[in-house]
file model_33.pdb (PDB, C-alpha atoms, pLDDT in the B column)
ATOM      1  CA  MET V 194      87.180 -67.427  42.605  1.00 40.00           C
ATOM      2  CA  ASP V 195      85.582 -64.605  44.595  1.00 47.00           C
ATOM      3  CA  GLU V 196      84.851 -62.736  41.389  1.00 48.00           C
ATOM      4  CA  HIS V 197      83.250 -65.870  40.039  1.00 50.00           C
ATOM      5  CA  LYS V 198      81.171 -66.142  43.163  1.00 48.00           C
ATOM      6  CA  ALA V 199      79.846 -62.593  42.863  1.00 44.00           C
ATOM      7  CA  GLU V 200      79.066 -63.296  39.234  1.00 47.00           C
ATOM      8  CA  ILE V 201      77.191 -66.477  40.046  1.00 49.00           C
ATOM      9  CA  PHE V 202      75.307 -64.822  42.872  1.00 47.00           C
ATOM     10  CA  GLU V 203      73.554 -62.607  40.338  1.00 50.00           C
ATOM     11  CA  GLU V 204      72.045 -65.660  38.751  1.00 59.00           C
ATOM     12  CA  CYS V 205      72.071 -68.226  41.528  1.00 64.00           C
ATOM     13  CA  PRO V 206      71.620 -67.128  45.130  1.00 67.00           C
ATOM     14  CA  ILE V 207      72.625 -70.568  46.350  1.00 69.00           C
ATOM     15  CA  ALA V 208      76.205 -70.200  45.155  1.00 70.00           C
ATOM     16  CA  GLU V 209      77.074 -67.839  48.000  1.00 71.00           C
ATOM     17  CA  ILE V 210      76.051 -70.278  50.698  1.00 74.00           C
ATOM     18  CA  GLN V 211      77.469 -73.314  48.933  1.00 71.00           C
ATOM     19  CA  PRO V 212      80.779 -73.157  50.886  1.00 72.00           C
ATOM     20  CA  ILE V 213      78.815 -73.141  54.150  1.00 75.00           C
ATOM     21  CA  VAL V 214      76.829 -76.255  53.523  1.00 71.00           C
ATOM     22  CA  HIS V 215      79.530 -77.968  51.517  1.00 71.00           C
ATOM     23  CA  GLY V 216      81.110 -79.661  54.543  1.00 74.00           C
ATOM     24  CA  LYS V 217      80.396 -83.374  54.345  1.00 78.00           C
ATOM     25  CA  TRP V 218      78.496 -83.345  57.645  1.00 85.00           C
ATOM     26  CA  ALA V 219      77.436 -79.696  57.882  1.00 87.00           C
ATOM     27  CA  MET V 220      73.754 -80.354  57.381  1.00 85.00           C
ATOM     28  CA  VAL V 221      73.743 -83.372  59.672  1.00 86.00           C
ATOM     29  CA  ILE V 222      75.431 -81.241  62.376  1.00 92.00           C
ATOM     30  CA  ILE V 223      72.855 -78.458  61.940  1.00 91.00           C
ATOM     31  CA  TYR V 224      70.086 -81.068  62.128  1.00 88.00           C
ATOM     32  CA  PHE V 225      71.260 -82.388  65.495  1.00 92.00           C
ATOM     33  CA  LEU V 226      71.919 -78.925  66.915  1.00 94.00           C
ATOM     34  CA  SER V 227      68.406 -77.910  65.858  1.00 90.00           C
ATOM     35  CA  LEU V 228      67.162 -80.429  68.415  1.00 91.00           C
ATOM     36  CA  GLY V 229      69.107 -78.699  71.196  1.00 94.00           C
ATOM     37  CA  THR V 230      72.486 -77.629  72.553  1.00 97.00           C
ATOM     38  CA  LEU V 231      75.059 -80.426  72.578  1.00 97.00           C
ATOM     39  CA  ARG V 232      78.486 -81.010  74.033  1.00 96.00           C
ATOM     40  CA  PHE V 233      81.204 -82.030  71.600  1.00 94.00           C
ATOM     41  CA  GLY V 234      81.197 -85.651  72.814  1.00 93.00           C
ATOM     42  CA  GLU V 235      77.422 -85.921  72.508  1.00 94.00           C
ATOM     43  CA  LEU V 236      77.479 -84.639  68.941  1.00 94.00           C
ATOM     44  CA  SER V 237      80.361 -86.940  68.098  1.00 93.00           C
ATOM     45  CA  ARG V 238      78.446 -89.990  69.350  1.00 92.00           C
ATOM     46  CA  LYS V 239      75.434 -89.036  67.233  1.00 90.00           C
ATOM     47  CA  ILE V 240      77.539 -89.049  64.054  1.00 88.00           C
ATOM     48  CA  PRO V 241      79.827 -92.075  64.501  1.00 87.00           C
ATOM     49  CA  ALA V 242      80.888 -91.991  60.842  1.00 85.00           C
ATOM     50  CA  VAL V 243      82.755 -88.703  61.248  1.00 89.00           C
ATOM     51  CA  THR V 244      86.170 -88.536  62.909  1.00 92.00           C
ATOM     52  CA  GLN V 245      86.610 -86.119  65.820  1.00 93.00           C
ATOM     53  CA  ALA V 246      89.139 -84.109  63.771  1.00 95.00           C
ATOM     54  CA  ASN V 247      86.680 -83.630  60.909  1.00 93.00           C
ATOM     55  CA  LEU V 248      83.828 -82.867  63.268  1.00 95.00           C
ATOM     56  CA  THR V 249      85.961 -80.125  64.855  1.00 95.00           C
ATOM     57  CA  LYS V 250      86.844 -78.759  61.421  1.00 93.00           C
ATOM     58  CA  GLU V 251      83.234 -78.637  60.252  1.00 93.00           C
ATOM     59  CA  LEU V 252      82.069 -77.052  63.503  1.00 95.00           C
ATOM     60  CA  ARG V 253      84.747 -74.347  63.097  1.00 95.00           C
ATOM     61  CA  THR V 254      83.493 -73.617  59.580  1.00 92.00           C
ATOM     62  CA  LEU V 255      79.893 -73.326  60.753  1.00 94.00           C
ATOM     63  CA  GLU V 256      81.077 -71.111  63.620  1.00 95.00           C
ATOM     64  CA  ARG V 257      83.055 -68.877  61.227  1.00 93.00           C
ATOM     65  CA  TYR V 258      80.007 -68.420  59.002  1.00 91.00           C
ATOM     66  CA  GLY V 259      77.943 -67.487  62.044  1.00 93.00           C
ATOM     67  CA  LEU V 260      75.597 -70.473  62.059  1.00 94.00           C
ATOM     68  CA  VAL V 261      76.926 -72.211  65.167  1.00 97.00           C
ATOM     69  CA  HIS V 262      77.845 -70.799  68.571  1.00 97.00           C
ATOM     70  CA  ARG V 263      80.580 -72.379  70.669  1.00 97.00           C
ATOM     71  CA  GLU V 264      80.410 -71.774  74.404  1.00 96.00           C
ATOM     72  CA  VAL V 265      83.293 -72.747  76.662  1.00 94.00           C
ATOM     73  CA  TYR V 266      82.474 -73.153  80.349  1.00 93.00           C
ATOM     74  CA  LYS V 267      85.558 -72.835  82.491  1.00 92.00           C
ATOM     75  CA  GLU V 268      84.923 -75.864  84.617  1.00 91.00           C
ATOM     76  CA  VAL V 269      87.219 -78.722  85.490  1.00 91.00           C
ATOM     77  CA  PRO V 270      87.245 -80.501  83.077  1.00 87.00           C
ATOM     78  CA  PRO V 271      86.248 -77.651  80.688  1.00 87.00           C
ATOM     79  CA  ARG V 272      82.818 -78.027  79.159  1.00 91.00           C
ATOM     80  CA  VAL V 273      82.283 -77.006  75.527  1.00 93.00           C
ATOM     81  CA  GLU V 274      78.772 -76.690  74.169  1.00 97.00           C
ATOM     82  CA  TYR V 275      77.536 -76.068  70.642  1.00 98.00           C
ATOM     83  CA  SER V 276      74.246 -74.487  69.669  1.00 98.00           C
ATOM     84  CA  LEU V 277      72.642 -72.837  66.664  1.00 96.00           C
ATOM     85  CA  THR V 278      72.798 -69.039  66.419  1.00 96.00           C
ATOM     86  CA  ALA V 279      69.764 -66.967  65.330  1.00 94.00           C
ATOM     87  CA  LEU V 280      71.173 -67.100  61.802  1.00 93.00           C
ATOM     88  CA  GLY V 281      71.759 -70.838  62.133  1.00 94.00           C
ATOM     89  CA  SER V 282      68.159 -71.426  63.114  1.00 93.00           C
ATOM     90  CA  LYS V 283      67.076 -69.680  59.914  1.00 93.00           C
ATOM     91  CA  PHE V 284      68.581 -72.699  58.183  1.00 91.00           C
ATOM     92  CA  LEU V 285      65.949 -74.995  59.712  1.00 91.00           C
ATOM     93  CA  PRO V 286      63.423 -74.734  56.847  1.00 93.00           C
ATOM     94  CA  VAL V 287      66.188 -76.161  54.622  1.00 89.00           C
ATOM     95  CA  ILE V 288      66.629 -79.052  57.051  1.00 86.00           C
ATOM     96  CA  GLU V 289      62.872 -79.684  57.092  1.00 88.00           C
ATOM     97  CA  ALA V 290      62.758 -79.714  53.280  1.00 90.00           C
ATOM     98  CA  LEU V 291      65.772 -82.042  53.206  1.00 86.00           C
ATOM     99  CA  LYS V 292      64.079 -84.414  55.671  1.00 85.00           C
ATOM    100  CA  THR V 293      60.984 -84.555  53.472  1.00 89.00           C
ATOM    101  CA  PHE V 294      63.124 -85.186  50.404  1.00 90.00           C
ATOM    102  CA  ALA V 295      65.126 -87.845  52.270  1.00 86.00           C
ATOM    103  CA  TRP V 296      61.958 -89.818  52.975  1.00 86.00           C
ATOM    104  CA  GLU V 297      60.693 -89.414  49.418  1.00 89.00           C
ATOM    105  CA  TYR V 298      64.080 -90.497  48.089  1.00 88.00           C
ATOM    106  CA  HIS V 299      64.139 -93.473  50.462  1.00 84.00           C
ATOM    107  CA  GLU V 300      60.663 -94.610  49.330  1.00 86.00           C
ATOM    108  CA  ALA V 301      61.365 -94.075  45.629  1.00 85.00           C
ATOM    109  CA  ARG V 302      64.557 -96.122  45.864  1.00 80.00           C
ATOM    110  CA  GLN V 303      62.983 -98.860  48.020  1.00 79.00           C
ATOM    111  CA  GLY V 304      60.374 -99.414  45.308  1.00 71.00           C
ATOM    112  CA  GLU V 305      62.968-100.067  42.573  1.00 70.00           C
TER     113      GLU V 305
ATOM    114  CA  MET S 412      80.681 -97.000  56.395  1.00 40.00           C
ATOM    115  CA  ASP S 413      77.436 -98.434  55.020  1.00 47.00           C
ATOM    116  CA  GLU S 414      76.639 -99.870  58.409  1.00 48.00           C
ATOM    117  CA  HIS S 415      77.289 -96.479  59.912  1.00 50.00           C
ATOM    118  CA  LYS S 416      74.962 -94.908  57.376  1.00 49.00           C
ATOM    119  CA  ALA S 417      72.121 -97.275  58.240  1.00 44.00           C
ATOM    120  CA  GLU S 418      72.745 -96.547  61.885  1.00 47.00           C
ATOM    121  CA  ILE S 419      72.634 -92.786  61.346  1.00 49.00           C
ATOM    122  CA  PHE S 420      69.532 -93.042  59.212  1.00 46.00           C
ATOM    123  CA  GLU S 421      67.598 -94.201  62.247  1.00 50.00           C
ATOM    124  CA  GLU S 422      68.306 -90.934  63.950  1.00 59.00           C
ATOM    125  CA  CYS S 423      68.968 -88.549  61.090  1.00 64.00           C
ATOM    126  CA  PRO S 424      67.109 -89.003  57.795  1.00 67.00           C
ATOM    127  CA  ILE S 425      69.422 -86.506  56.112  1.00 68.00           C
ATOM    128  CA  ALA S 426      72.452 -88.767  56.404  1.00 70.00           C
ATOM    129  CA  GLU S 427      71.208 -91.030  53.585  1.00 71.00           C
ATOM    130  CA  ILE S 428      70.968 -88.212  51.075  1.00 74.00           C
ATOM    131  CA  GLN S 429      74.164 -86.515  52.206  1.00 71.00           C
ATOM    132  CA  PRO S 430      76.290 -88.216  49.486  1.00 72.00           C
ATOM    133  CA  ILE S 431      73.843 -86.987  46.833  1.00 75.00           C
ATOM    134  CA  VAL S 432      73.984 -83.332  47.728  1.00 72.00           C
ATOM    135  CA  HIS S 433      77.592 -83.425  48.865  1.00 71.00           C
ATOM    136  CA  GLY S 434      79.013 -82.573  45.428  1.00 74.00           C
ATOM    137  CA  LYS S 435      80.386 -79.051  45.536  1.00 78.00           C
ATOM    138  CA  TRP S 436      78.005 -77.880  42.814  1.00 85.00           C
ATOM    139  CA  ALA S 437      75.187 -80.417  43.118  1.00 87.00           C
ATOM    140  CA  MET S 438      72.648 -77.974  44.480  1.00 85.00           C
ATOM    141  CA  VAL S 439      73.625 -75.233  42.053  1.00 86.00           C
ATOM    142  CA  ILE S 440      73.218 -77.722  39.173  1.00 92.00           C
ATOM    143  CA  ILE S 441      69.778 -78.789  40.446  1.00 91.00           C
ATOM    144  CA  TYR S 442      68.834 -75.127  40.767  1.00 88.00           C
ATOM    145  CA  PHE S 443      69.633 -74.346  37.136  1.00 92.00           C
ATOM    146  CA  LEU S 444      67.999 -77.547  35.840  1.00 94.00           C
ATOM    147  CA  SER S 445      64.881 -76.661  37.816  1.00 90.00           C
ATOM    148  CA  LEU S 446      64.525 -73.686  35.479  1.00 91.00           C
ATOM    149  CA  GLY S 447      64.519 -75.950  32.419  1.00 94.00           C
ATOM    150  CA  THR S 448      66.397 -78.523  30.347  1.00 97.00           C
ATOM    151  CA  LEU S 449      69.950 -77.473  29.488  1.00 97.00           C
ATOM    152  CA  ARG S 450      72.681 -78.634  27.174  1.00 96.00           C
ATOM    153  CA  PHE S 451      76.046 -79.350  28.752  1.00 94.00           C
ATOM    154  CA  GLY S 452      77.610 -76.185  27.338  1.00 93.00           C
ATOM    155  CA  GLU S 453      74.753 -74.010  28.564  1.00 94.00           C
ATOM    156  CA  LEU S 454      75.009 -75.408  32.072  1.00 94.00           C
ATOM    157  CA  SER S 455      78.776 -75.017  32.016  1.00 93.00           C
ATOM    158  CA  ARG S 456      78.510 -71.328  31.074  1.00 92.00           C
ATOM    159  CA  LYS S 457      76.062 -70.729  33.930  1.00 90.00           C
ATOM    160  CA  ILE S 458      78.575 -72.045  36.463  1.00 88.00           C
ATOM    161  CA  PRO S 459      81.922 -70.625  35.245  1.00 87.00           C
ATOM    162  CA  ALA S 460      83.642 -71.510  38.533  1.00 85.00           C
ATOM    163  CA  VAL S 461      83.362 -75.254  37.896  1.00 88.00           C
ATOM    164  CA  THR S 462      85.634 -77.059  35.452  1.00 92.00           C
ATOM    165  CA  GLN S 463      84.009 -79.140  32.708  1.00 93.00           C
ATOM    166  CA  ALA S 464      85.552 -82.290  34.179  1.00 95.00           C
ATOM    167  CA  ASN S 465      84.028 -81.616  37.592  1.00 93.00           C
ATOM    168  CA  LEU S 466      80.696 -80.641  36.099  1.00 95.00           C
ATOM    169  CA  THR S 467      80.624 -83.954  34.215  1.00 95.00           C
ATOM    170  CA  LYS S 468      81.495 -85.824  37.406  1.00 94.00           C
ATOM    171  CA  GLU S 469      78.788 -84.139  39.442  1.00 93.00           C
ATOM    172  CA  LEU S 470      76.187 -84.646  36.704  1.00 95.00           C
ATOM    173  CA  ARG S 471      77.065 -88.372  36.619  1.00 95.00           C
ATOM    174  CA  THR S 472      76.552 -88.603  40.380  1.00 92.00           C
ATOM    175  CA  LEU S 473      73.166 -86.896  40.171  1.00 94.00           C
ATOM    176  CA  GLU S 474      72.256 -89.201  37.270  1.00 95.00           C
ATOM    177  CA  ARG S 475      73.327 -92.288  39.235  1.00 93.00           C
ATOM    178  CA  TYR S 476      71.165 -91.260  42.176  1.00 91.00           C
ATOM    179  CA  GLY S 477      68.227 -90.764  39.828  1.00 93.00           C
ATOM    180  CA  LEU S 478      67.839 -86.993  40.185  1.00 94.00           C
ATOM    181  CA  VAL S 479      69.055 -85.992  36.741  1.00 97.00           C
ATOM    182  CA  HIS S 480      68.222 -87.430  33.317  1.00 97.00           C
ATOM    183  CA  ARG S 481      70.757 -87.336  30.478  1.00 97.00           C
ATOM    184  CA  GLU S 482      69.375 -87.491  26.960  1.00 96.00           C
ATOM    185  CA  VAL S 483      71.655 -87.986  23.984  1.00 94.00           C
ATOM    186  CA  TYR S 484      70.302 -86.944  20.598  1.00 93.00           C
ATOM    187  CA  LYS S 485      72.120 -88.653  17.761  1.00 92.00           C
ATOM    188  CA  GLU S 486      72.678 -85.592  15.679  1.00 91.00           C
ATOM    189  CA  VAL S 487      75.825 -84.280  14.072  1.00 91.00           C
ATOM    190  CA  PRO S 488      77.359 -82.950  16.282  1.00 87.00           C
ATOM    191  CA  PRO S 489      75.638 -85.030  19.014  1.00 87.00           C
ATOM    192  CA  ARG S 490      73.427 -83.027  21.336  1.00 91.00           C
ATOM    193  CA  VAL S 491      73.342 -83.906  25.054  1.00 93.00           C
ATOM    194  CA  GLU S 492      70.649 -82.456  27.277  1.00 97.00           C
ATOM    195  CA  TYR S 493      70.192 -82.624  31.006  1.00 98.00           C
ATOM    196  CA  SER S 494      66.915 -82.321  32.898  1.00 98.00           C
ATOM    197  CA  LEU S 495      65.521 -83.120  36.318  1.00 96.00           C
ATOM    198  CA  THR S 496      63.713 -86.451  36.785  1.00 96.00           C
ATOM    199  CA  ALA S 497      60.442 -86.706  38.736  1.00 94.00           C
ATOM    200  CA  LEU S 498      62.543 -87.597  41.794  1.00 93.00           C
ATOM    201  CA  GLY S 499      64.873 -84.692  41.075  1.00 94.00           C
ATOM    202  CA  SER S 500      62.003 -82.247  40.983  1.00 93.00           C
ATOM    203  CA  LYS S 501      61.011 -83.412  44.472  1.00 93.00           C
ATOM    204  CA  PHE S 502      64.232 -81.752  45.551  1.00 92.00           C
ATOM    205  CA  LEU S 503      62.895 -78.324  44.554  1.00 91.00           C
ATOM    206  CA  PRO S 504      61.420 -77.438  47.972  1.00 93.00           C
ATOM    207  CA  VAL S 505      64.972 -77.818  49.321  1.00 89.00           C
ATOM    208  CA  ILE S 506      66.236 -75.397  46.667  1.00 86.00           C
ATOM    209  CA  GLU S 507      63.475 -72.922  47.534  1.00 88.00           C
ATOM    210  CA  ALA S 508      64.356 -73.106  51.226  1.00 90.00           C
ATOM    211  CA  LEU S 509      68.048 -72.682  50.379  1.00 86.00           C
ATOM    212  CA  LYS S 510      67.288 -69.615  48.274  1.00 85.00           C
ATOM    213  CA  THR S 511      65.377 -68.043  51.149  1.00 89.00           C
ATOM    214  CA  PHE S 512      68.227 -68.832  53.515  1.00 90.00           C
ATOM    215  CA  ALA S 513      70.776 -67.475  51.023  1.00 86.00           C
ATOM    216  CA  TRP S 514      69.032 -64.097  51.013  1.00 86.00           C
ATOM    217  CA  GLU S 515      68.690 -64.041  54.790  1.00 89.00           C
ATOM    218  CA  TYR S 516      72.337 -64.955  55.144  1.00 88.00           C
ATOM    219  CA  HIS S 517      73.339 -62.295  52.624  1.00 84.00           C
ATOM    220  CA  GLU S 518      71.390 -59.611  54.490  1.00 85.00           C
ATOM    221  CA  ALA S 519      72.616 -60.681  57.932  1.00 85.00           C
ATOM    222  CA  ARG S 520      76.221 -60.588  56.742  1.00 80.00           C
ATOM    223  CA  GLN S 521      75.820 -57.277  54.861  1.00 79.00           C
ATOM    224  CA  GLY S 522      74.655 -55.649  58.073  1.00 71.00           C
ATOM    225  CA  GLU S 523      77.768 -56.644  60.008  1.00 70.00           C
TER     226      GLU S 523
END

call {"tool": "encode", "arguments": {"input": "model_33.pdb", "output": "structure tokens"}}
result
Amino acid sequence: MDEHKAEIFEECPIAEIQPIVHGKWAMVIIYFLSLGTLRFGELSRKIPAVTQANLTKELRTLERYGLVHREVYKEVPPRVEYSLTALGSKFLPVIEALKTFAWEYHEARQGE
Amino acid sequence: MDEHKAEIFEECPIAEIQPIVHGKWAMVIIYFLSLGTLRFGELSRKIPAVTQANLTKELRTLERYGLVHREVYKEVPPRVEYSLTALGSKFLPVIEALKTFAWEYHEARQGE
């Protein structure tokens, strides 16, 4: 699989980042974090369709790939905040392009 | 779930298109089709990491959402070609942004 990936990367630069954005809610998470730092509960309420377990899993993936930063404040009760890293914020042009496409898609499909 | 989607759409326009681009290879497929019409076998050889069954499945999804057009030529043996629709080509700015991010990600991670 990794060999395949290197092979594909020659021809398709997107293949390397495919595992990063593959998470069902990865791009939605990045979108909300692009608007500002959020606590876990806040993020969870913004995406009611995702379970807390899956949200945790997807946040861990984004953290592992260096797109999301997780900050734990040792308060009582402990406060955990998520934000985009410098690398994560480089993903924002993708989000902007996706937003534009989402509206175009919405309009095209409304007209059918 | 559909209610949830409508609810999310209010706040996050990306949520509506998430099922479209969620396929593991959807964006890689769109990338290659953006370079020109391809026969199934050609596309399959460009993405060796994906099985033919999964490639078929993902192409069907993209076709159902109106991003990909499937043309069957009644030859012997039958020829099947895939291309982007007008709506599909509106996705290209997303691909461009992803390519830019892929290179930035690659460089950031190489330097670690």

call {"tool": "closest_residue", "arguments": {"input": "model_33.pdb", "among": "V:Val243, V:Ala301, V:Leu260, V:Ala290", "to": "Thr496 in chain S", "atoms": "all atoms listed in the file"}}
result
V:Ala301

call {"tool": "closest_residue", "arguments": {"input": "model_33.pdb", "among": "V:Ala279, V:Gly234, V:Ala242, V:Glu264", "to": "chain S", "atoms": "all atoms listed in the file"}}
result
V:Ala242

call {"tool": "calpha_fit_and_write", "arguments": {"input": "model_33.pdb", "fixed": "chain S", "moving": "chain V", "output": "short mmCIF file (atom, residue, chain, number, x, y, z; two decimals) with C-alpha atoms, in the coordinates of the input"}}
result
data_model
loop_
_atom_site.label_atom_id
_atom_site.label_comp_id
_atom_site.auth_asym_id
_atom_site.auth_seq_id
_atom_site.Cartn_x
_atom_site.Cartn_y
_atom_site.Cartn_z
CA MET V 194 80.63 -97.00 56.29
CA ASP V 195 77.36 -98.43 54.97
CA GLU V 196 76.60 -99.87 58.38
CA HIS V 197 77.26 -96.47 59.87
CA LYS V 198 74.91 -94.94 57.35
CA ALA V 199 72.07 -97.29 58.23
CA GLU V 200 72.70 -96.55 61.88
CA ILE V 201 72.62 -92.81 61.34
CA PHE V 202 69.51 -93.04 59.20
CA GLU V 203 67.56 -94.20 62.24
CA GLU V 204 68.31 -90.93 63.94
CA CYS V 205 68.97 -88.56 61.07
CA PRO V 206 67.12 -89.00 57.78
CA ILE V 207 69.42 -86.50 56.10
CA ALA V 208 72.46 -88.76 56.39
CA GLU V 209 71.23 -91.02 53.59
CA ILE V 210 70.98 -88.22 51.07
CA GLN V 211 74.16 -86.49 52.20
CA PRO V 212 76.29 -88.20 49.49
CA ILE V 213 73.86 -86.96 46.84
CA VAL V 214 74.01 -83.32 47.72
CA HIS V 215 77.61 -83.41 48.86
CA GLY V 216 79.02 -82.57 45.42
CA LYS V 217 80.41 -79.05 45.52
CA TRP V 218 78.02 -77.85 42.82
CA ALA V 219 75.20 -80.39 43.11
CA MET V 220 72.65 -77.96 44.47
CA VAL V 221 73.64 -75.22 42.05
CA ILE V 222 73.23 -77.72 39.17
CA ILE V 223 69.79 -78.78 40.43
CA TYR V 224 68.84 -75.11 40.76
CA PHE V 225 69.63 -74.35 37.12
CA LEU V 226 68.02 -77.54 35.83
CA SER V 227 64.89 -76.66 37.81
CA LEU V 228 64.54 -73.69 35.47
CA GLY V 229 64.53 -75.97 32.42
CA THR V 230 66.40 -78.54 30.34
CA LEU V 231 69.95 -77.48 29.47
CA ARG V 232 72.68 -78.66 27.16
CA PHE V 233 76.05 -79.37 28.76
CA GLY V 234 77.61 -76.20 27.33
CA GLU V 235 74.74 -74.03 28.55
CA LEU V 236 75.02 -75.41 32.07
CA SER V 237 78.78 -75.00 32.00
CA ARG V 238 78.48 -71.32 31.05
CA LYS V 239 76.06 -70.73 33.92
CA ILE V 240 78.58 -72.03 36.46
CA PRO V 241 81.91 -70.61 35.24
CA ALA V 242 83.65 -71.50 38.51
CA VAL V 243 83.37 -75.24 37.89
CA THR V 244 85.66 -77.03 35.44
CA GLN V 245 84.04 -79.11 32.69
CA ALA V 246 85.57 -82.28 34.18
CA ASN V 247 84.03 -81.62 37.59
CA LEU V 248 80.72 -80.62 36.08
CA THR V 249 80.64 -83.95 34.21
CA LYS V 250 81.51 -85.82 37.40
CA GLU V 251 78.79 -84.13 39.45
CA LEU V 252 76.20 -84.65 36.71
CA ARG V 253 77.09 -88.37 36.63
CA THR V 254 76.57 -88.59 40.39
CA LEU V 255 73.18 -86.89 40.18
CA GLU V 256 72.28 -89.18 37.27
CA ARG V 257 73.34 -92.29 39.25
CA TYR V 258 71.17 -91.25 42.19
CA GLY V 259 68.24 -90.76 39.84
CA LEU V 260 67.86 -87.00 40.20
CA VAL V 261 69.07 -85.98 36.74
CA HIS V 262 68.24 -87.42 33.33
CA ARG V 263 70.76 -87.34 30.50
CA GLU V 264 69.37 -87.50 26.98
CA VAL V 265 71.67 -88.00 24.01
CA TYR V 266 70.29 -86.97 20.63
CA LYS V 267 72.10 -88.68 17.81
CA GLU V 268 72.62 -85.62 15.70
CA VAL V 269 75.76 -84.31 14.08
CA PRO V 270 77.31 -82.99 16.27
CA PRO V 271 75.62 -85.07 19.03
CA ARG V 272 73.39 -83.08 21.34
CA VAL V 273 73.34 -83.93 25.06
CA GLU V 274 70.64 -82.48 27.27
CA TYR V 275 70.20 -82.62 31.03
CA SER V 276 66.93 -82.33 32.91
CA LEU V 277 65.52 -83.12 36.33
CA THR V 278 63.74 -86.46 36.80
CA ALA V 279 60.46 -86.73 38.76
CA LEU V 280 62.56 -87.60 41.80
CA GLY V 281 64.90 -84.69 41.07
CA SER V 282 62.01 -82.25 40.98
CA LYS V 283 61.03 -83.41 44.47
CA PHE V 284 64.26 -81.74 45.54
CA LEU V 285 62.91 -78.31 44.57
CA PRO V 286 61.43 -77.43 47.98
CA VAL V 287 64.99 -77.81 49.34
CA ILE V 288 66.24 -75.40 46.67
CA GLU V 289 63.48 -72.91 47.53
CA ALA V 290 64.36 -73.10 51.24
CA LEU V 291 68.05 -72.68 50.39
CA LYS V 292 67.28 -69.61 48.26
CA THR V 293 65.38 -68.04 51.15
CA PHE V 294 68.22 -68.83 53.53
CA ALA V 295 70.77 -67.47 51.04
CA TRP V 296 69.03 -64.10 51.01
CA GLU V 297 68.67 -64.04 54.79
CA TYR V 298 72.34 -64.97 55.15
CA HIS V 299 73.33 -62.29 52.63
CA GLU V 300 71.37 -59.60 54.51
CA ALA V 301 72.59 -60.69 57.95
CA ARG V 302 76.20 -60.58 56.77
CA GLN V 303 75.79 -57.28 54.89
CA GLY V 304 74.63 -55.65 58.13
CA GLU V 305 77.78 -56.63 60.07
#

call {"tool": "resolve_selection", "arguments": {"input": "model_33.pdb", "expression": "the PyMOL selection byres ((chain V and resi 296) around 12)", "output": "PDB file with C-alpha atoms, in the coordinates of the input"}}
result
ATOM      1  CA  GLU V 289      62.872 -79.684  57.092  1.00 88.00           C
ATOM      2  CA  ALA V 290      62.758 -79.714  53.280  1.00 90.00           C
ATOM      3  CA  LEU V 291      65.772 -82.042  53.206  1.00 86.00           C
ATOM      4  CA  LYS V 292      64.079 -84.414  55.671  1.00 85.00           C
ATOM      5  CA  THR V 293      60.984 -84.555  53.472  1.00 89.00           C
ATOM      6  CA  PHE V 294      63.124 -85.186  50.404  1.00 90.00           C
ATOM      7  CA  ALA V 295      65.126 -87.845  52.270  1.00 86.00           C
ATOM      8  CA  GLU V 297      60.693 -89.414  49.418  1.00 89.00           C
ATOM      9  CA  TYR V 298      64.080 -90.497  48.089  1.00 88.00           C
ATOM     10  CA  HIS V 299      64.139 -93.473  50.462  1.00 84.00           C
ATOM     11  CA  GLU V 300      60.663 -94.610  49.330  1.00 86.00           C
ATOM     12  CA  ALA V 301      61.365 -94.075  45.629  1.00 85.00           C
ATOM     13  CA  ARG V 302      64.557 -96.122  45.864  1.00 80.00           C
ATOM     14  CA  GLN V 303      62.983 -98.860  48.020  1.00 79.00           C
TER      15      GLN V 303
ATOM     16  CA  PHE S 420      69.532 -93.042  59.212  1.00 46.00           C
ATOM     17  CA  GLU S 421      67.598 -94.201  62.247  1.00 50.00           C
ATOM     18  CA  CYS S 423      68.968 -88.549  61.090  1.00 64.00           C
ATOM     19  CA  PRO S 424      67.109 -89.003  57.795  1.00 67.00           C
ATOM     20  CA  ILE S 425      69.422 -86.506  56.112  1.00 68.00           C
ATOM     21  CA  ALA S 426      72.452 -88.767  56.404  1.00 70.00           C
ATOM     22  CA  GLU S 427      71.208 -91.030  53.585  1.00 71.00           C
ATOM     23  CA  ILE S 428      70.968 -88.212  51.075  1.00 74.00           C
ATOM     24  CA  LEU S 498      62.543 -87.597  41.794  1.00 93.00           C
ATOM     25  CA  LYS S 501      61.011 -83.412  44.472  1.00 93.00           C
ATOM     26  CA  PHE S 502      64.232 -81.752  45.551  1.00 92.00           C
TER      27      PHE S 502
END

call {"tool": "residues_around", "arguments": {"input": "model_33.pdb", "residues": "range 215-229 of chain V", "least_positions_apart": "5", "cutoff": "7 Å", "atoms": "only C-alpha atoms", "output": "mmCIF file with C-alpha atoms, in the coordinates of the input"}}
result
data_model
loop_
_atom_site.group_PDB
_atom_site.id
_atom_site.type_symbol
_atom_site.label_atom_id
_atom_site.label_comp_id
_atom_site.auth_asym_id
_atom_site.auth_seq_id
_atom_site.Cartn_x
_atom_site.Cartn_y
_atom_site.Cartn_z
ATOM 1 C CA GLU V 251 83.234 -78.637 60.252
ATOM 2 C CA SER V 276 74.246 -74.487 69.669
ATOM 3 C CA LEU V 277 72.642 -72.837 66.664
ATOM 4 C CA ILE V 288 66.629 -79.052 57.051
ATOM 5 C CA ILE S 425 69.422 -86.506 56.112
ATOM 6 C CA ALA S 426 72.452 -88.767 56.404
ATOM 7 C CA HIS S 433 77.592 -83.425 48.865
ATOM 8 C CA LYS S 435 80.386 -79.051 45.536
#

call {"tool": "axis_aligned_box", "arguments": {"input": "model_33.pdb", "around": "range 220-227 of chain V", "padding_each_side": "3 Å", "output": "lines of an AutoDock Vina configuration file"}}
result
center_x = 71.9
center_y = -80.6
center_z = 62.1
size_x = 13.0
size_y = 11.5
size_z = 15.5

call {"tool": "atom_distance", "arguments": {"input": "model_33.pdb", "atom1": "CA of Thr467 in chain S", "atom2": "CA of Lys250 in chain V"}}
result
28.4 Å
